[in-house]
Amino acid sequence: MAKAVKICLAGEGGQGVQSVAEIIADAANAEGREALYIPNFGVEQRGGVSIAYLQIADQPIGAPKFDKADILVALSDRAVRRCKQYVDENTVYVYDASIEGVEDDLPKEGEAKKVLAIPALEISKNELHPRVFNILIMGAVIGATGVIPVDAAKAAIEKKLGYKFEQNPQLRELNFKAIDRGIELMK
């Protein structure tokens with residue numbers, strides 16, 4: 001990978017944006033890659049817009065923040081509106097298909113490389129479990145960028161959530177299904 005992959009994840013506090021960024025960064029570090037993760041959120045524990053800035057590269061990363069993202073994932077209407085400034089013609093813009101009332105705020109043709117609506121919330125509710133919504137989103141990021149191998153992502157999830165998996169082994173399978181399903185959405 002010649003240049004850093006710049007990832008911006010944005011949603012409401014409590015949607016797991018920061019957890020996803022942290023797990024991806026941990027997986028990249030475990031692979032011997034450089035990873036830089038900067039959280040940005042309001043004082044609210046839940047309900048405020050939460051943004052995670054993540055860069056992954058094979059060489060040292062010069063600055064923690066970036067102007068434009070290679071991929072931007074918006075998980076709420078406020079996130080769509082708040083993150084417009086990080087989009088340019090090279091950005092893959094992904095948002096949850098259930099978000100309503102943002103049609104005028106989404107990038108127009110030519111303003112982003114691609115604009116993709118994915119049914120992440122619907123899939124997590126109907127096929128999996130609402131608790132793995134963020135892991136499904138993580139799979140979508142991996143599927144769109146190839147920034148880390150799936151096995152590294154699953155190992156990082158295991159490391160972060162292993163204690164929960166010991167208590168309930170079905171959670172492991174559910175999380176791994178969610179990451180696979182997210183990757184599948186991006187094909």
# chains A, B, ... in the order shown; residues from 1 in each chain; ligands from 1
call {"tool": "closest_atom_pairs", "arguments": {"of": "segment 21-83 of chain A", "to": "segment 104-124 of chain A", "cutoff": "9 Å", "atoms": "only C-alpha atoms", "output": "Markdown table"}}
result
| residue | atom | partner | partner_atom | distance |
| --- | --- | --- | --- | --- |
| A:Leu75 | CA | A:Leu121 | CA | 9.0 |
| A:Asp77 | CA | A:Asp105 | CA | 8.9 |
| A:Val80 | CA | A:Asp105 | CA | 6.8 |
| A:Arg81 | CA | A:Asp105 | CA | 6.1 |
call {"tool": "write_last_selection", "arguments": {"atoms": "all heavy atoms", "output": "CSV table (one decimal), in the first residue's frame"}}
result
chain,number,residue,atom,x,y,z
A,75,LEU,N,-23.6,6.8,9.6
A,75,LEU,CA,-24.6,5.9,10.1
A,75,LEU,C,-25.8,6.6,10.7
A,75,LEU,O,-26.7,6.0,11.2
A,75,LEU,CB,-24.0,5.1,11.2
A,75,LEU,CG,-22.8,4.3,10.8
A,75,LEU,CD1,-22.2,3.5,11.9
A,75,LEU,CD2,-23.1,3.3,9.6
A,77,ASP,N,-28.4,10.6,10.2
A,77,ASP,CA,-28.6,11.8,9.5
A,77,ASP,C,-27.7,12.9,9.9
A,77,ASP,O,-27.1,13.6,9.0
A,77,ASP,CB,-30.1,12.2,9.6
A,77,ASP,CG,-30.6,12.5,11.0
A,77,ASP,OD1,-29.9,12.0,11.9
A,77,ASP,OD2,-31.6,13.1,11.1
A,80,VAL,N,-24.3,12.3,8.4
A,80,VAL,CA,-24.3,12.6,6.9
A,80,VAL,C,-24.0,14.1,6.8
A,80,VAL,O,-23.1,14.6,6.0
A,80,VAL,CB,-25.6,12.2,6.2
A,80,VAL,CG1,-25.7,12.9,4.9
A,80,VAL,CG2,-25.7,10.7,6.1
A,81,ARG,N,-24.7,14.9,7.6
A,81,ARG,CA,-24.6,16.4,7.5
A,81,ARG,C,-23.2,16.9,8.0
A,81,ARG,O,-22.6,17.8,7.5
A,81,ARG,CB,-25.7,17.1,8.2
A,81,ARG,CG,-27.1,16.8,7.5
A,81,ARG,CD,-28.2,17.5,8.1
A,81,ARG,NE,-29.5,17.1,7.5
A,81,ARG,CZ,-30.3,16.1,7.9
A,81,ARG,NH1,-30.1,15.5,9.1
A,81,ARG,NH2,-31.4,15.8,7.2
call {"tool": "closest_residue", "arguments": {"among": "A:Val132, A:Ile99, A:Ile142, A:Cys8", "to": "Gln85 of chain A", "atoms": "only C-alpha atoms"}}
result
A:Cys8
call {"tool": "residues_around", "arguments": {"residues": "Asp70 of chain A", "least_positions_apart": "2", "cutoff": "7 Å", "atoms": "only C-alpha atoms", "output": "PDB file with N, CA and C atoms, in the first residue's frame"}}
result
ATOM      1  N   VAL A   5      -4.437   4.745   3.842  1.00  0.00           N
ATOM      2  CA  VAL A   5      -5.869   4.692   3.588  1.00  0.00           C
ATOM      3  C   VAL A   5      -6.524   5.491   4.704  1.00  0.00           C
ATOM      4  N   LYS A   6      -7.291   6.499   4.298  1.00  0.00           N
ATOM      5  CA  LYS A   6      -7.936   7.403   5.256  1.00  0.00           C
ATOM      6  C   LYS A   6      -9.409   7.034   5.373  1.00  0.00           C
ATOM      7  N   ILE A   7      -9.805   6.687   6.597  1.00  0.00           N
ATOM      8  CA  ILE A   7     -11.152   6.207   6.859  1.00  0.00           C
ATOM      9  C   ILE A   7     -11.822   7.141   7.863  1.00  0.00           C
ATOM     10  N   LYS A  68      -9.520  14.874   3.479  1.00  0.00           N
ATOM     11  CA  LYS A  68     -10.472  14.085   2.698  1.00  0.00           C
ATOM     12  C   LYS A  68     -10.273  12.605   2.982  1.00  0.00           C
ATOM     13  N   LEU A  72     -15.761   7.039   3.588  1.00  0.00           N
ATOM     14  CA  LEU A  72     -16.507   7.671   4.668  1.00  0.00           C
ATOM     15  C   LEU A  72     -17.769   6.857   4.872  1.00  0.00           C
ATOM     16  N   ASN A  90     -12.573  11.360  -4.881  1.00  0.00           N
ATOM     17  CA  ASN A  90     -11.902  10.071  -4.668  1.00  0.00           C
ATOM     18  C   ASN A  90     -12.475   9.281  -3.495  1.00  0.00           C
ATOM     19  N   THR A  91     -13.501   9.809  -2.854  1.00  0.00           N
ATOM     20  CA  THR A  91     -14.077   9.188  -1.656  1.00  0.00           C
ATOM     21  C   THR A  91     -15.174   8.190  -2.014  1.00  0.00           C
ATOM     22  N   VAL A  92     -15.094   7.003  -1.411  1.00  0.00           N
ATOM     23  CA  VAL A  92     -16.204   6.051  -1.458  1.00  0.00           C
ATOM     24  C   VAL A  92     -17.072   6.399  -0.254  1.00  0.00           C
TER      25      VAL A  92
END
call {"tool": "closest_atom_pairs", "arguments": {"of": "segment 84-161 of chain A", "to": "segment 29-32 of chain A", "cutoff": "9 Å", "atoms": "only C-alpha atoms", "output": "CSV"}}
result
residue,atom,partner,partner_atom,distance
A:Ile148,CA,A:Glu31,CA,8.0
A:Pro149,CA,A:Glu31,CA,8.7
A:Ala152,CA,A:Glu31,CA,7.1
A:Ala156,CA,A:Ala30,CA,8.1
call {"tool": "select_by_dssp", "arguments": {"residues": "segment 3-184 of chain A", "states": "strand (DSSP E)", "output": "PDB file with N, CA and C atoms, in the first residue's frame"}}
result
ATOM      1  N   VAL A   5      -4.437   4.745   3.842  1.00  0.00           N
ATOM      2  CA  VAL A   5      -5.869   4.692   3.588  1.00  0.00           C
ATOM      3  C   VAL A   5      -6.524   5.491   4.704  1.00  0.00           C
ATOM      4  N   LYS A   6      -7.291   6.499   4.298  1.00  0.00           N
ATOM      5  CA  LYS A   6      -7.936   7.403   5.256  1.00  0.00           C
ATOM      6  C   LYS A   6      -9.409   7.034   5.373  1.00  0.00           C
ATOM      7  N   ILE A   7      -9.805   6.687   6.597  1.00  0.00           N
ATOM      8  CA  ILE A   7     -11.152   6.207   6.859  1.00  0.00           C
ATOM      9  C   ILE A   7     -11.822   7.141   7.863  1.00  0.00           C
ATOM     10  N   CYS A   8     -13.040   7.548   7.544  1.00  0.00           N
ATOM     11  CA  CYS A   8     -13.833   8.366   8.464  1.00  0.00           C
ATOM     12  C   CYS A   8     -15.121   7.607   8.748  1.00  0.00           C
ATOM     13  N   LEU A   9     -15.345   7.292  10.018  1.00  0.00           N
ATOM     14  CA  LEU A   9     -16.561   6.609  10.443  1.00  0.00           C
ATOM     15  C   LEU A   9     -17.349   7.580  11.312  1.00  0.00           C
ATOM     16  N   ALA A  10     -18.618   7.767  11.021  1.00  0.00           N
ATOM     17  CA  ALA A  10     -19.407   8.731  11.787  1.00  0.00           C
ATOM     18  C   ALA A  10     -20.802   8.194  12.068  1.00  0.00           C
ATOM     19  N   GLY A  11     -21.265   8.440  13.267  1.00  0.00           N
ATOM     20  CA  GLY A  11     -22.603   8.019  13.660  1.00  0.00           C
ATOM     21  C   GLY A  11     -22.986   8.676  14.956  1.00  0.00           C
ATOM     22  N   GLU A  12     -24.028   8.181  15.546  1.00  0.00           N
ATOM     23  CA  GLU A  12     -24.466   8.686  16.846  1.00  0.00           C
ATOM     24  C   GLU A  12     -23.694   7.952  17.929  1.00  0.00           C
ATOM     25  N   GLU A  34       1.180   0.383  10.119  1.00  0.00           N
ATOM     26  CA  GLU A  34       1.017   1.610  10.886  1.00  0.00           C
ATOM     27  C   GLU A  34      -0.478   1.916  10.950  1.00  0.00           C
ATOM     28  N   ALA A  35      -0.957   2.304  12.106  1.00  0.00           N
ATOM     29  CA  ALA A  35      -2.357   2.679  12.251  1.00  0.00           C
ATOM     30  C   ALA A  35      -2.459   3.855  13.212  1.00  0.00           C
ATOM     31  N   LEU A  36      -3.243   4.815  12.824  1.00  0.00           N
ATOM     32  CA  LEU A  36      -3.453   5.990  13.651  1.00  0.00           C
ATOM     33  C   LEU A  36      -4.955   6.233  13.748  1.00  0.00           C
ATOM     34  N   TYR A  37      -5.459   6.245  14.967  1.00  0.00           N
ATOM     35  CA  TYR A  37      -6.897   6.394  15.215  1.00  0.00           C
ATOM     36  C   TYR A  37      -7.109   7.580  16.143  1.00  0.00           C
ATOM     37  N   ILE A  38      -7.954   8.503  15.707  1.00  0.00           N
ATOM     38  CA  ILE A  38      -8.275   9.684  16.504  1.00  0.00           C
ATOM     39  C   ILE A  38      -9.795   9.716  16.717  1.00  0.00           C
ATOM     40  N   PRO A  39     -10.256   9.613  17.969  1.00  0.00           N
ATOM     41  CA  PRO A  39     -11.701   9.720  18.216  1.00  0.00           C
ATOM     42  C   PRO A  39     -12.114  11.189  18.330  1.00  0.00           C
ATOM     43  N   ASN A  40     -13.345  11.468  17.953  1.00  0.00           N
ATOM     44  CA  ASN A  40     -13.893  12.815  18.085  1.00  0.00           C
ATOM     45  C   ASN A  40     -15.365  12.659  18.434  1.00  0.00           C
ATOM     46  N   PHE A  41     -15.730  13.132  19.596  1.00  0.00           N
ATOM     47  CA  PHE A  41     -17.130  13.042  19.997  1.00  0.00           C
ATOM     48  C   PHE A  41     -17.451  14.136  20.988  1.00  0.00           C
ATOM     49  N   VAL A  49     -23.010  13.250  17.974  1.00  0.00           N
ATOM     50  CA  VAL A  49     -22.326  12.720  16.794  1.00  0.00           C
ATOM     51  C   VAL A  49     -20.925  12.280  17.215  1.00  0.00           C
ATOM     52  N   SER A  50     -20.568  11.095  16.802  1.00  0.00           N
ATOM     53  CA  SER A  50     -19.275  10.499  17.119  1.00  0.00           C
ATOM     54  C   SER A  50     -18.546  10.240  15.802  1.00  0.00           C
ATOM     55  N   ILE A  51     -17.313  10.734  15.690  1.00  0.00           N
ATOM     56  CA  ILE A  51     -16.536  10.546  14.466  1.00  0.00           C
ATOM     57  C   ILE A  51     -15.204   9.895  14.824  1.00  0.00           C
ATOM     58  N   ALA A  52     -14.821   8.906  14.055  1.00  0.00           N
ATOM     59  CA  ALA A  52     -13.522   8.261  14.222  1.00  0.00           C
ATOM     60  C   ALA A  52     -12.712   8.492  12.950  1.00  0.00           C
ATOM     61  N   TYR A  53     -11.524   9.039  13.114  1.00  0.00           N
ATOM     62  CA  TYR A  53     -10.597   9.237  12.002  1.00  0.00           C
ATOM     63  C   TYR A  53      -9.548   8.149  12.114  1.00  0.00           C
ATOM     64  N   LEU A  54      -9.375   7.396  11.055  1.00  0.00           N
ATOM     65  CA  LEU A  54      -8.467   6.258  11.082  1.00  0.00           C
ATOM     66  C   LEU A  54      -7.619   6.258   9.818  1.00  0.00           C
ATOM     67  N   GLN A  55      -6.315   6.093  10.004  1.00  0.00           N
ATOM     68  CA  GLN A  55      -5.414   5.970   8.858  1.00  0.00           C
ATOM     69  C   GLN A  55      -4.599   4.703   9.035  1.00  0.00           C
ATOM     70  N   ILE A  56      -4.411   4.001   7.930  1.00  0.00           N
ATOM     71  CA  ILE A  56      -3.614   2.777   7.946  1.00  0.00           C
ATOM     72  C   ILE A  56      -2.652   2.828   6.774  1.00  0.00           C
ATOM     73  N   ALA A  57      -1.389   2.507   7.056  1.00  0.00           N
ATOM     74  CA  ALA A  57      -0.360   2.568   6.019  1.00  0.00           C
ATOM     75  C   ALA A  57       0.744   1.571   6.332  1.00  0.00           C
ATOM     76  N   ILE A  71     -12.560   6.532   2.325  1.00  0.00           N
ATOM     77  CA  ILE A  71     -13.888   5.969   2.554  1.00  0.00           C
ATOM     78  C   ILE A  71     -14.499   6.685   3.747  1.00  0.00           C
ATOM     79  N   LEU A  72     -15.761   7.039   3.588  1.00  0.00           N
ATOM     80  CA  LEU A  72     -16.507   7.671   4.668  1.00  0.00           C
ATOM     81  C   LEU A  72     -17.769   6.857   4.872  1.00  0.00           C
ATOM     82  N   VAL A  73     -18.024   6.484   6.123  1.00  0.00           N
ATOM     83  CA  VAL A  73     -19.225   5.727   6.458  1.00  0.00           C
ATOM     84  C   VAL A  73     -20.049   6.572   7.421  1.00  0.00           C
ATOM     85  N   ALA A  74     -21.267   6.908   7.012  1.00  0.00           N
ATOM     86  CA  ALA A  74     -22.168   7.716   7.832  1.00  0.00           C
ATOM     87  C   ALA A  74     -23.350   6.857   8.262  1.00  0.00           C
ATOM     88  N   VAL A  92     -15.094   7.003  -1.411  1.00  0.00           N
ATOM     89  CA  VAL A  92     -16.204   6.051  -1.458  1.00  0.00           C
ATOM     90  C   VAL A  92     -17.072   6.399  -0.254  1.00  0.00           C
ATOM     91  N   TYR A  93     -18.294   6.794  -0.527  1.00  0.00           N
ATOM     92  CA  TYR A  93     -19.215   7.281   0.508  1.00  0.00           C
ATOM     93  C   TYR A  93     -20.269   6.212   0.764  1.00  0.00           C
ATOM     94  N   VAL A  94     -20.307   5.698   1.986  1.00  0.00           N
ATOM     95  CA  VAL A  94     -21.231   4.633   2.354  1.00  0.00           C
ATOM     96  C   VAL A  94     -22.142   5.154   3.465  1.00  0.00           C
ATOM     97  N   TYR A  95     -23.427   4.923   3.309  1.00  0.00           N
ATOM     98  CA  TYR A  95     -24.353   5.317   4.375  1.00  0.00           C
ATOM     99  C   TYR A  95     -25.412   4.244   4.552  1.00  0.00           C
ATOM    100  N   ASP A  96     -26.032   4.231   5.724  1.00  0.00           N
ATOM    101  CA  ASP A  96     -27.056   3.238   5.987  1.00  0.00           C
ATOM    102  C   ASP A  96     -28.327   3.607   5.241  1.00  0.00           C
ATOM    103  N   LYS A 114     -17.934   7.023  -5.396  1.00  0.00           N
ATOM    104  CA  LYS A 114     -19.134   6.188  -5.362  1.00  0.00           C
ATOM    105  C   LYS A 114     -19.958   6.610  -4.158  1.00  0.00           C
ATOM    106  N   VAL A 115     -21.265   6.503  -4.257  1.00  0.00           N
ATOM    107  CA  VAL A 115     -22.160   6.700  -3.126  1.00  0.00           C
ATOM    108  C   VAL A 115     -22.988   5.430  -3.002  1.00  0.00           C
ATOM    109  N   LEU A 116     -22.849   4.743  -1.871  1.00  0.00           N
ATOM    110  CA  LEU A 116     -23.508   3.446  -1.685  1.00  0.00           C
ATOM    111  C   LEU A 116     -24.403   3.454  -0.451  1.00  0.00           C
ATOM    112  N   ALA A 117     -25.646   3.116  -0.643  1.00  0.00           N
ATOM    113  CA  ALA A 117     -26.574   2.922   0.479  1.00  0.00           C
ATOM    114  C   ALA A 117     -26.589   1.431   0.788  1.00  0.00           C
ATOM    115  N   ILE A 118     -26.252   1.076   2.010  1.00  0.00           N
ATOM    116  CA  ILE A 118     -26.278  -0.339   2.384  1.00  0.00           C
ATOM    117  C   ILE A 118     -27.300  -0.550   3.508  1.00  0.00           C
TER     118      ILE A 118
END
call {"tool": "select_by_dssp", "arguments": {"residues": "segment 13-170 of chain A", "states": "alpha helix (DSSP H)", "output": "PyMOL selection string"}}
result
chain A and resi 17-30+77-82+120-126+133-145+150-167+169-170
call {"tool": "atom_distance", "arguments": {"atom1": "atom CA of Lys160 of chain A", "atom2": "atom CA of Asp180 of chain A"}}
result
17.8 Å
call {"tool": "residues_around", "arguments": {"residues": "Leu171 of chain A", "least_positions_apart": "3", "cutoff": "10 Å", "atoms": "only C-alpha atoms", "output": "list in words"}}
result
His129, Arg131, Val132, Leu161, Gly162, Lys164, Phe165, Glu166, Gln167, Asn168, Leu174, Asn175, Phe176 and Lys177 of chain A
call {"tool": "closest_residue", "arguments": {"among": "A:Ile135, A:Val141, A:Val102, A:Ala79", "to": "Arg172 of chain A", "atoms": "only C-alpha atoms"}}
result
A:Ile135
call {"tool": "closest_residue", "arguments": {"among": "A:Ala63, A:Ile179, A:Met138, A:Val150", "to": "Gln15 of chain A", "atoms": "only C-alpha atoms"}}
result
A:Met138
